[in-house]
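Q: What follows is model_8.cif, mmCIF, C-alpha atoms.
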```cif
data_protein
#
loop_
_atom_site.group_PDB
_atom_site.id
_atom_site.type_symbol
_atom_site.label_atom_id
_atom_site.label_comp_id
_atom_site.auth_asym_id
_atom_site.auth_seq_id
_atom_site.Cartn_x
_atom_site.Cartn_y
_atom_site.Cartn_z
ATOM 1 C CA MET A 1 111.436 190.267 41.578
ATOM 2 C CA LYS A 2 107.899 189.083 40.857
ATOM 3 C CA VAL A 3 107.933 185.435 39.806
ATOM 4 C CA LEU A 4 105.220 183.285 38.276
ATOM 5 C CA VAL A 5 105.827 179.575 38.852
ATOM 6 C CA THR A 6 103.784 177.261 36.659
ATOM 7 C CA GLY A 7 103.419 173.625 37.635
ATOM 8 C CA ALA A 8 103.523 174.783 41.236
ATOM 9 C CA ALA A 9 102.105 171.527 42.603
ATOM 10 C CA GLY A 10 104.893 169.390 41.154
ATOM 11 C CA MET A 11 108.175 168.351 42.729
ATOM 12 C CA LEU A 12 110.279 171.223 41.382
ATOM 13 C CA GLY A 13 107.429 173.718 41.443
ATOM 14 C CA ARG A 14 106.789 173.185 45.144
ATOM 15 C CA ASP A 15 110.473 173.662 45.932
ATOM 16 C CA LEU A 16 110.516 176.907 43.945
ATOM 17 C CA VAL A 17 107.441 178.212 45.739
ATOM 18 C CA ASP A 18 108.798 177.191 49.158
ATOM 19 C CA ILE A 19 112.056 179.085 48.578
ATOM 20 C CA LEU A 20 110.396 182.188 47.121
ATOM 21 C CA THR A 21 107.608 182.408 49.701
ATOM 22 C CA GLY A 22 108.554 184.917 52.342
ATOM 23 C CA HIS A 23 111.718 185.976 50.512
ATOM 24 C CA PRO A 24 112.517 189.573 51.484
ATOM 25 C CA ARG A 25 113.138 190.703 47.882
ATOM 26 C CA HIS A 26 110.838 188.463 45.851
ATOM 27 C CA THR A 27 107.158 187.648 45.529
ATOM 28 C CA VAL A 28 105.745 184.522 43.952
ATOM 29 C CA THR A 29 102.534 183.510 42.232
ATOM 30 C CA ALA A 30 102.063 179.755 42.480
ATOM 31 C CA ALA A 31 100.091 178.550 39.463
ATOM 32 C CA THR A 32 98.977 174.939 39.709
ATOM 33 C CA ARG A 33 97.557 173.075 36.717
ATOM 34 C CA ALA A 34 94.073 173.589 38.158
ATOM 35 C CA ALA A 35 94.646 177.346 38.385
ATOM 36 C CA LEU A 36 96.341 177.857 35.003
ATOM 37 C CA ASP A 37 96.027 175.830 31.814
ATOM 38 C CA ILE A 38 99.180 176.811 29.954
ATOM 39 C CA THR A 39 97.744 175.368 26.731
ATOM 40 C CA ASP A 40 95.214 178.244 26.807
ATOM 41 C CA PRO A 41 96.947 181.283 25.243
ATOM 42 C CA THR A 42 94.436 183.793 26.629
ATOM 43 C CA ALA A 43 94.733 182.500 30.185
ATOM 44 C CA THR A 44 98.501 182.391 29.864
ATOM 45 C CA HIS A 45 98.691 185.980 28.633
ATOM 46 C CA THR A 46 96.604 187.156 31.597
ATOM 47 C CA ALA A 47 98.628 185.163 34.130
ATOM 48 C CA VAL A 48 102.008 186.470 32.977
ATOM 49 C CA ALA A 49 101.006 190.139 33.272
ATOM 50 C CA GLY A 50 102.718 191.928 36.161
ATOM 51 C CA HIS A 51 105.567 189.430 36.578
ATOM 52 C CA ASP A 52 109.263 189.951 35.946
ATOM 53 C CA VAL A 53 110.084 186.258 35.541
ATOM 54 C CA VAL A 54 108.160 183.133 34.598
ATOM 55 C CA ILE A 55 109.632 179.764 35.609
ATOM 56 C CA ASN A 56 107.800 177.071 33.686
ATOM 57 C CA ALA A 57 107.882 173.907 35.761
ATOM 58 C CA ALA A 58 104.677 172.615 34.155
ATOM 59 C CA ALA A 59 105.152 169.721 31.758
ATOM 60 C CA TRP A 60 103.892 166.435 30.401
ATOM 61 C CA THR A 61 106.287 164.086 32.219
ATOM 62 C CA ASP A 62 104.871 160.659 31.336
ATOM 63 C CA VAL A 63 107.748 159.513 29.139
ATOM 64 C CA ASP A 64 106.175 156.215 28.134
ATOM 65 C CA GLY A 65 102.721 157.734 27.709
ATOM 66 C CA ALA A 66 104.134 160.271 25.255
ATOM 67 C CA GLU A 67 104.880 157.453 22.811
ATOM 68 C CA GLU A 68 101.161 156.861 22.381
ATOM 69 C CA HIS A 69 100.033 160.456 22.918
ATOM 70 C CA GLU A 70 102.768 162.506 21.280
ATOM 71 C CA ALA A 71 100.417 165.227 20.029
ATOM 72 C CA THR A 72 99.096 165.803 23.545
ATOM 73 C CA ALA A 73 102.594 165.795 25.023
ATOM 74 C CA THR A 74 103.730 168.308 22.411
ATOM 75 C CA ALA A 75 100.728 170.531 23.126
ATOM 76 C CA VAL A 76 101.940 170.844 26.725
ATOM 77 C CA ASN A 77 105.717 170.692 26.274
ATOM 78 C CA GLY A 78 105.907 172.582 22.977
ATOM 79 C CA ASP A 79 102.847 174.615 21.978
ATOM 80 C CA ALA A 80 102.124 175.820 25.515
ATOM 81 C CA VAL A 81 105.718 176.996 25.873
ATOM 82 C CA ALA A 82 105.178 179.093 22.759
ATOM 83 C CA HIS A 83 102.120 180.644 24.451
ATOM 84 C CA LEU A 84 104.199 181.459 27.527
ATOM 85 C CA ALA A 85 107.011 182.897 25.406
ATOM 86 C CA THR A 86 104.566 185.086 23.474
ATOM 87 C CA ALA A 87 103.063 186.343 26.735
ATOM 88 C CA CYS A 88 106.514 187.020 28.185
ATOM 89 C CA ALA A 89 107.445 189.017 25.096
ATOM 90 C CA ALA A 90 104.270 191.084 25.431
ATOM 91 C CA HIS A 91 104.824 191.794 29.125
ATOM 92 C CA ASP A 92 108.636 192.167 29.068
ATOM 93 C CA ALA A 93 109.174 189.159 31.348
ATOM 94 C CA ARG A 94 112.045 186.676 31.357
ATOM 95 C CA LEU A 95 111.124 183.048 30.760
ATOM 96 C CA LEU A 96 113.012 180.154 32.338
ATOM 97 C CA GLN A 97 111.914 176.978 30.574
ATOM 98 C CA ILE A 98 112.753 173.638 32.199
ATOM 99 C CA SER A 99 113.903 171.079 29.655
ATOM 100 C CA THR A 100 115.573 167.692 29.702
ATOM 101 C CA ASP A 101 118.579 165.582 28.812
ATOM 102 C CA TYR A 102 116.191 163.591 26.598
ATOM 103 C CA VAL A 103 116.720 166.101 23.777
ATOM 104 C CA PHE A 104 120.050 164.281 23.223
ATOM 105 C CA PRO A 105 120.384 160.794 21.702
ATOM 106 C CA GLY A 106 122.435 159.429 24.610
ATOM 107 C CA ASP A 107 125.247 158.035 22.472
ATOM 108 C CA ALA A 108 128.068 160.364 23.565
ATOM 109 C CA GLY A 109 131.216 159.390 25.435
ATOM 110 C CA HIS A 110 131.733 162.725 27.161
ATOM 111 C CA PRO A 111 129.385 165.315 28.711
ATOM 112 C CA TYR A 112 127.056 167.039 26.277
ATOM 113 C CA ARG A 113 127.846 170.730 25.823
ATOM 114 C CA GLU A 114 125.027 173.235 25.925
ATOM 115 C CA ASP A 115 125.406 173.762 22.171
ATOM 116 C CA ALA A 116 125.727 170.072 21.252
ATOM 117 C CA PRO A 117 123.431 168.902 18.437
ATOM 118 C CA THR A 118 120.078 167.610 19.641
ATOM 119 C CA ALA A 119 118.536 164.373 18.354
ATOM 120 C CA PRO A 120 115.875 162.952 20.694
ATOM 121 C CA ILE A 121 115.157 159.248 20.470
ATOM 122 C CA ASN A 122 111.640 159.275 21.926
ATOM 123 C CA ALA A 123 108.418 161.283 21.733
ATOM 124 C CA TYR A 124 108.933 162.941 25.107
ATOM 125 C CA GLY A 125 112.323 164.275 24.003
ATOM 126 C CA ARG A 126 110.826 165.573 20.761
ATOM 127 C CA SER A 127 108.055 167.359 22.651
ATOM 128 C CA LYS A 128 110.534 169.044 25.006
ATOM 129 C CA LEU A 129 112.762 170.044 22.099
ATOM 130 C CA ALA A 130 109.756 171.782 20.545
ATOM 131 C CA GLY A 131 109.535 173.883 23.711
ATOM 132 C CA GLU A 132 113.221 174.764 23.530
ATOM 133 C CA GLN A 133 112.842 175.839 19.932
ATOM 134 C CA ALA A 134 109.856 178.027 20.795
ATOM 135 C CA VAL A 135 111.892 179.871 23.435
ATOM 136 C CA ALA A 136 114.812 180.404 21.056
ATOM 137 C CA ARG A 137 112.499 181.640 18.294
ATOM 138 C CA LEU A 138 110.233 183.928 20.317
ATOM 139 C CA LEU A 139 112.562 185.141 23.085
ATOM 140 C CA PRO A 140 116.062 185.328 21.596
ATOM 141 C CA ASP A 141 117.101 188.011 24.097
ATOM 142 C CA THR A 142 115.090 187.138 27.204
ATOM 143 C CA GLY A 143 114.550 183.377 27.052
ATOM 144 C CA TYR A 144 116.418 180.768 29.093
ATOM 145 C CA VAL A 145 116.319 176.986 28.723
ATOM 146 C CA VAL A 146 117.574 174.952 31.678
ATOM 147 C CA ARG A 147 117.996 171.258 30.943
ATOM 148 C CA THR A 148 117.898 168.929 33.915
ATOM 149 C CA ALA A 149 117.861 165.175 34.478
ATOM 150 C CA TRP A 150 117.367 162.428 37.044
ATOM 151 C CA LEU A 151 115.421 164.703 39.404
ATOM 152 C CA TYR A 152 114.473 163.572 42.882
ATOM 153 C CA GLY A 153 113.052 165.478 45.826
ATOM 154 C CA ALA A 154 110.730 165.593 48.793
ATOM 155 C CA HIS A 155 107.543 165.991 46.765
ATOM 156 C CA GLY A 156 106.064 163.407 44.443
ATOM 157 C CA ARG A 157 107.280 160.036 43.252
ATOM 158 C CA ASN A 158 110.870 159.676 42.113
ATOM 159 C CA PHE A 159 113.648 157.109 41.958
ATOM 160 C CA VAL A 160 115.113 157.836 45.403
ATOM 161 C CA THR A 161 111.840 157.553 47.286
ATOM 162 C CA THR A 162 110.916 154.482 45.236
ATOM 163 C CA MET A 163 114.154 152.725 46.193
ATOM 164 C CA LEU A 164 113.545 153.423 49.878
ATOM 165 C CA ARG A 165 109.978 152.153 49.648
ATOM 166 C CA LEU A 166 110.999 148.975 47.832
ATOM 167 C CA ALA A 167 113.854 148.390 50.266
ATOM 168 C CA ASP A 168 111.229 148.039 52.980
ATOM 169 C CA GLN A 169 109.404 145.406 50.915
ATOM 170 C CA ARG A 170 112.116 143.287 49.282
ATOM 171 C CA GLU A 171 115.387 141.748 50.327
ATOM 172 C CA PHE A 172 117.121 142.414 46.976
ATOM 173 C CA LEU A 173 116.539 144.996 44.244
ATOM 174 C CA ASP A 174 117.694 144.644 40.622
ATOM 175 C CA VAL A 175 118.628 148.048 39.179
ATOM 176 C CA VAL A 176 119.942 148.898 35.713
ATOM 177 C CA ASP A 177 123.652 149.626 35.448
ATOM 178 C CA ASP A 178 123.864 150.581 31.756
ATOM 179 C CA GLN A 179 122.385 154.104 31.866
ATOM 180 C CA ARG A 180 124.618 156.948 33.053
ATOM 181 C CA GLY A 181 123.445 160.314 34.340
ATOM 182 C CA GLN A 182 123.575 162.927 37.066
ATOM 183 C CA PRO A 183 121.188 162.574 40.024
ATOM 184 C CA THR A 184 119.885 166.070 40.762
ATOM 185 C CA TRP A 185 118.121 167.253 43.912
ATOM 186 C CA SER A 186 115.110 169.343 42.924
ATOM 187 C CA TYR A 187 115.618 171.773 45.831
ATOM 188 C CA ALA A 188 119.176 172.540 44.710
ATOM 189 C CA LEU A 189 117.933 173.055 41.156
ATOM 190 C CA ALA A 190 115.229 175.415 42.433
ATOM 191 C CA GLN A 191 117.884 177.506 44.192
ATOM 192 C CA GLN A 192 119.927 177.579 40.975
ATOM 193 C CA LEU A 193 116.944 178.690 38.919
ATOM 194 C CA ILE A 194 116.201 181.573 41.257
ATOM 195 C CA ALA A 195 119.846 182.663 41.123
ATOM 196 C CA LEU A 196 119.691 182.525 37.316
ATOM 197 C CA ALA A 197 116.510 184.607 37.298
ATOM 198 C CA GLU A 198 118.190 187.231 39.466
ATOM 199 C CA ALA A 199 121.237 187.276 37.169
ATOM 200 C CA ALA A 200 119.004 187.530 34.100
ATOM 201 C CA LEU A 201 117.161 190.568 35.434
ATOM 202 C CA ALA A 202 120.463 192.182 36.418
ATOM 203 C CA GLY A 203 121.816 191.677 32.900
ATOM 204 C CA ARG A 204 124.578 189.312 34.039
ATOM 205 C CA ALA A 205 123.272 186.109 32.451
ATOM 206 C CA ALA A 206 123.105 185.786 28.676
ATOM 207 C CA PRO A 207 119.980 184.128 27.289
ATOM 208 C CA GLY A 208 120.111 180.628 25.887
ATOM 209 C CA VAL A 209 120.712 177.119 27.190
ATOM 210 C CA TYR A 210 122.083 176.135 30.604
ATOM 211 C CA HIS A 211 122.477 172.670 32.078
ATOM 212 C CA GLY A 212 120.949 172.300 35.536
ATOM 213 C CA THR A 213 122.284 168.954 36.707
ATOM 214 C CA CYS A 214 124.599 168.067 39.557
ATOM 215 C CA ALA A 215 128.267 167.407 38.942
ATOM 216 C CA GLY A 216 129.690 163.912 38.681
ATOM 217 C CA GLU A 217 127.951 160.909 37.170
ATOM 218 C CA THR A 218 126.743 157.447 38.042
ATOM 219 C CA THR A 219 124.258 154.792 36.969
ATOM 220 C CA TRP A 220 120.848 154.038 38.441
ATOM 221 C CA TYR A 221 122.549 151.084 40.140
ATOM 222 C CA GLY A 222 125.178 153.389 41.643
ATOM 223 C CA LEU A 223 122.522 155.827 42.835
ATOM 224 C CA ALA A 224 120.450 153.062 44.417
ATOM 225 C CA ARG A 225 123.482 151.812 46.338
ATOM 226 C CA ALA A 226 124.239 155.336 47.553
ATOM 227 C CA VAL A 227 120.652 155.846 48.699
ATOM 228 C CA LEU A 228 120.631 152.669 50.775
ATOM 229 C CA ASP A 229 124.071 153.381 52.186
ATOM 230 C CA ARG A 230 123.034 156.851 53.369
ATOM 231 C CA HIS A 231 120.036 155.361 55.134
ATOM 232 C CA GLY A 232 122.106 152.821 57.018
ATOM 233 C CA LEU A 233 120.996 149.941 54.805
ATOM 234 C CA ASP A 234 123.224 147.358 53.144
ATOM 235 C CA PRO A 235 124.042 148.533 49.577
ATOM 236 C CA GLU A 236 124.861 144.939 48.642
ATOM 237 C CA ARG A 237 121.117 144.399 48.494
ATOM 238 C CA ILE A 238 121.228 146.257 45.169
ATOM 239 C CA ARG A 239 122.103 143.983 42.225
ATOM 240 C CA PRO A 240 123.168 145.284 38.787
ATOM 241 C CA THR A 241 121.180 144.413 35.695
ATOM 242 C CA THR A 242 120.621 145.755 32.176
ATOM 243 C CA SER A 243 117.893 147.786 30.518
ATOM 244 C CA VAL A 244 116.933 144.730 28.478
ATOM 245 C CA ARG A 245 115.463 143.280 31.679
ATOM 246 C CA PHE A 246 113.040 146.212 31.927
ATOM 247 C CA PRO A 247 111.626 146.934 28.441
ATOM 248 C CA ARG A 248 109.677 150.196 28.194
ATOM 249 C CA PRO A 249 107.591 151.737 25.398
ATOM 250 C CA ALA A 250 109.977 154.708 25.149
ATOM 251 C CA PRO A 251 113.708 154.097 24.643
ATOM 252 C CA ARG A 252 115.932 155.770 27.236
ATOM 253 C CA PRO A 253 119.234 157.509 26.462
ATOM 254 C CA ALA A 254 122.143 155.391 27.644
ATOM 255 C CA TYR A 255 124.293 158.449 28.405
ATOM 256 C CA SER A 256 122.704 161.550 29.942
ATOM 257 C CA VAL A 257 125.714 163.391 31.354
ATOM 258 C CA LEU A 258 125.588 167.146 30.710
ATOM 259 C CA GLY A 259 128.345 169.761 30.745
ATOM 260 C CA HIS A 260 128.047 172.978 32.750
ATOM 261 C CA ALA A 261 130.354 175.467 31.041
ATOM 262 C CA ARG A 262 127.891 178.363 30.671
ATOM 263 C CA TRP A 263 127.302 179.047 34.368
ATOM 264 C CA SER A 264 130.642 180.761 34.948
ATOM 265 C CA ALA A 265 129.892 183.432 32.338
ATOM 266 C CA ALA A 266 126.787 184.351 34.362
ATOM 267 C CA GLY A 267 128.862 184.592 37.541
ATOM 268 C CA LEU A 268 127.257 181.481 38.981
ATOM 269 C CA ALA A 269 128.795 178.230 40.166
ATOM 270 C CA PRO A 270 127.300 175.053 38.691
ATOM 271 C CA LEU A 271 125.416 172.685 40.951
ATOM 272 C CA PRO A 272 127.555 170.683 43.427
ATOM 273 C CA HIS A 273 128.491 167.024 43.093
ATOM 274 C CA TRP A 274 125.543 164.671 43.321
ATOM 275 C CA HIS A 275 127.051 162.935 46.377
ATOM 276 C CA ARG A 276 126.954 166.198 48.295
ATOM 277 C CA THR A 277 123.384 167.109 47.396
ATOM 278 C CA LEU A 278 122.151 163.574 48.101
ATOM 279 C CA GLU A 279 123.637 163.871 51.569
ATOM 280 C CA GLN A 280 121.872 167.233 52.076
ATOM 281 C CA ALA A 281 118.607 165.854 50.765
#
```
Can you present the structure in this file as structure tokens?
A:
Amino acid sequence: MKVLVTGAAGMLGRDLVDILTGHPRHTVTAATRAALDITDPTATHTAVAGHDVVINAAAWTDVDGAEEHEATATAVNGDAVAHLATACAAHDARLLQISTDYVFPGDAGHPYREDAPTAPINAYGRSKLAGEQAVARLLPDTGYVVRTAWLYGAHGRNFVTTMLRLADQREFLDVVDDQRGQPTWSYALAQQLIALAEAALAGRAAPGVYHGTCAGETTWYGLARAVLDRHGLDPERIRPTTSVRFPRPAPRPAYSVLGHARWSAAGLAPLPHWHRTLEQA
């Protein structure tokens, strides 16, 4: 399996490249933003040639910045995905597009199914939904959308590393307790994506939407306590607060828990419970 990984310098992209590098059955092309501008359709078409699978880990990820620069965010998260999908169609390659829980409004009381109606409440969510729609429109038989959420990992800034850094600087940390989601280790997600790519090429995985988040759920407050506890620090140093205390330009979904029903049909187990992967991480 020849895999092109876009966004290869990011948190998820680096995990994908690390796993695929040296794999006995797979080869990987690591395309950083400097090496490949996915908003350039000609460059994208050339880059996809010769690959069996494209995993698009490149994205505009500045959620608050998207409120002011929605057109730019959509160019990366929507229009560029259409370029990749067009190139994949021309070169008979599968596309795995990474998307987000932010395509949902966050007002549910139970996990969102893969086919639940989308209704993003911020510009970032709208831009990512545009990418999903491009995959569905241009690659109905060979396109895969994998929604993830609350990613953390070894590379780049994320909530887990931020909590550990702040714990070294402050006695107490106030963390919001009114947003629910599924902390997801980027390395575990990378493994899941590669397994999905293998199943797609083997004809075992139907195209469409999958949810790539860990099982279980918690709040940012609950995650922060777990992080300190696993590092031998006192979790009582974490104090619960509300989102009102931390106003942001982009509204955040209050409920970002996703269901995982589609994995079994592809012969794959969903990601493990977030407690387990946090321990591994």
Q: Closest to Thr29 of chain A among A:Gly10, A:His51, A:Glu67, A:Thr44, using all atoms listed in the file?
A: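 For Thr29 of chain A, the nearest of the given residues is A:His51.
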Q: Considering all atoms listed in the file, can you say which of A:Arg237, A:His275, A:Arg94, A:His211 comes closest to Asp115 of chain A?
A: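 Going through A:Arg237, A:His275, A:Arg94, A:His211 one by one, the smallest distance to Asp115 of chain A is for A:His211.
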Q: Name the closest residue to Arg225 of chain A among the candidates A:Glu198, A:Asp177, A:Arg262, A:Gly212; distances are taken between atoms, counting all atoms listed in the file.
A: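 Smallest separation from Arg225 of chain A among the options: A:Asp177.
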Q: For Leu96 of chain A, which residue out of A:Ala130, A:Leu228, A:Ala254, A:Ala136 is the nearest one, using only C-alpha atoms?
A: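 Of A:Ala130, A:Leu228, A:Ala254, A:Ala136, the one nearest Leu96 of chain A is A:Ala136, counting only C-alpha atoms.
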Q: Using all atoms listed in the file, can you tell me which of A:Gly203, A:Gly131, A:Pro253, A:Gly222 comes closest to Val81 of chain A?
A: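 Looking only at the distances to Val81 of chain A, the closest residue turns out to be A:Gly131.
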Q: I need the residue set behind the PyMOL selection byres ((chain A and resi 178) around 10) for this file; please write it as a ChimeraX atom specification.
A: /A:175-177,179-180,218-221,240-244,253-255
Q: Under the PyMOL selection byres ((chain A and resi 215) around 10), which residues of this model are included? Write them out as a VMD selection string.
A: chain A and resid 181 to 184 212 to 214 216 to 217 257 to 260 270 to 277
Q: For a quick check of understanding, using only C-alpha atoms, which of A:Ala31, A:Val209, A:Leu173, A:Leu193 has the smallest distance to Thr100 of chain A?
A: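 Between A:Ala31, A:Val209, A:Leu173, A:Leu193, the residue approaching Thr100 of chain A most closely is A:Val209.
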Q: Please identify all polymer residues within 12 Å of Ala265 of chain A, counting all atoms listed in the file, omitting same-chain residues fewer than 3 positions from it, and present them as a VMD selection string.
A: chain A and resid 196 199 to 200 203 to 207 210 260 to 262 268 to 270
Q: Enumerate, as JSON, numbers by chain, the protein, DNA and RNA residues whose atoms approach (121.3, 168.7, 22.4) to within 10 Å, taking into account all atoms listed in the file and the coordinate frame of the file.
A: {"A": [100, 101, 102, 103, 104, 105, 106, 112, 113, 114, 115, 116, 117, 118, 119, 120, 129, 147, 209, 258]}
Q: Counting all atoms listed in the file, select every polymer residue within 7 Å of (117.7, 168.5, 42.4) as defined in the file's coordinates, and provide the selection as a VMD selection string.
A: chain A and resid 151 to 153 184 to 189
Q: For the file shown, report as a ChimeraX atom specification the outcome of the PyMOL selection byres ((chain A and resi 46) around 12) at residue level.
A: /A:4,36-38,40-45,47-51,83-84,86-88,90-91
Q: What's around Ala85 of chain A at 8 Å? Count only C-alpha atoms, leave out sequence neighbours fewer than 5 positions away in its own chain, and write the answer as an MDAnalysis selection string.
A: chainID A and resid 95 134:135 138:139 143
Q: So which residues touch segment 157-164 of chain A within 7 Å, counting all atoms listed in the file, skipping near sequence neighbours fewer than 3 positions away, as JSON, numbers by chain?
A: {"A": [152, 167, 168, 224, 227]}
Q: For a test of reading the model, state the distance in Å between atom CA of Ile55 of chain A and atom CA of Ala34 of chain A, rounded to one decimal.
A: 16.9 Å
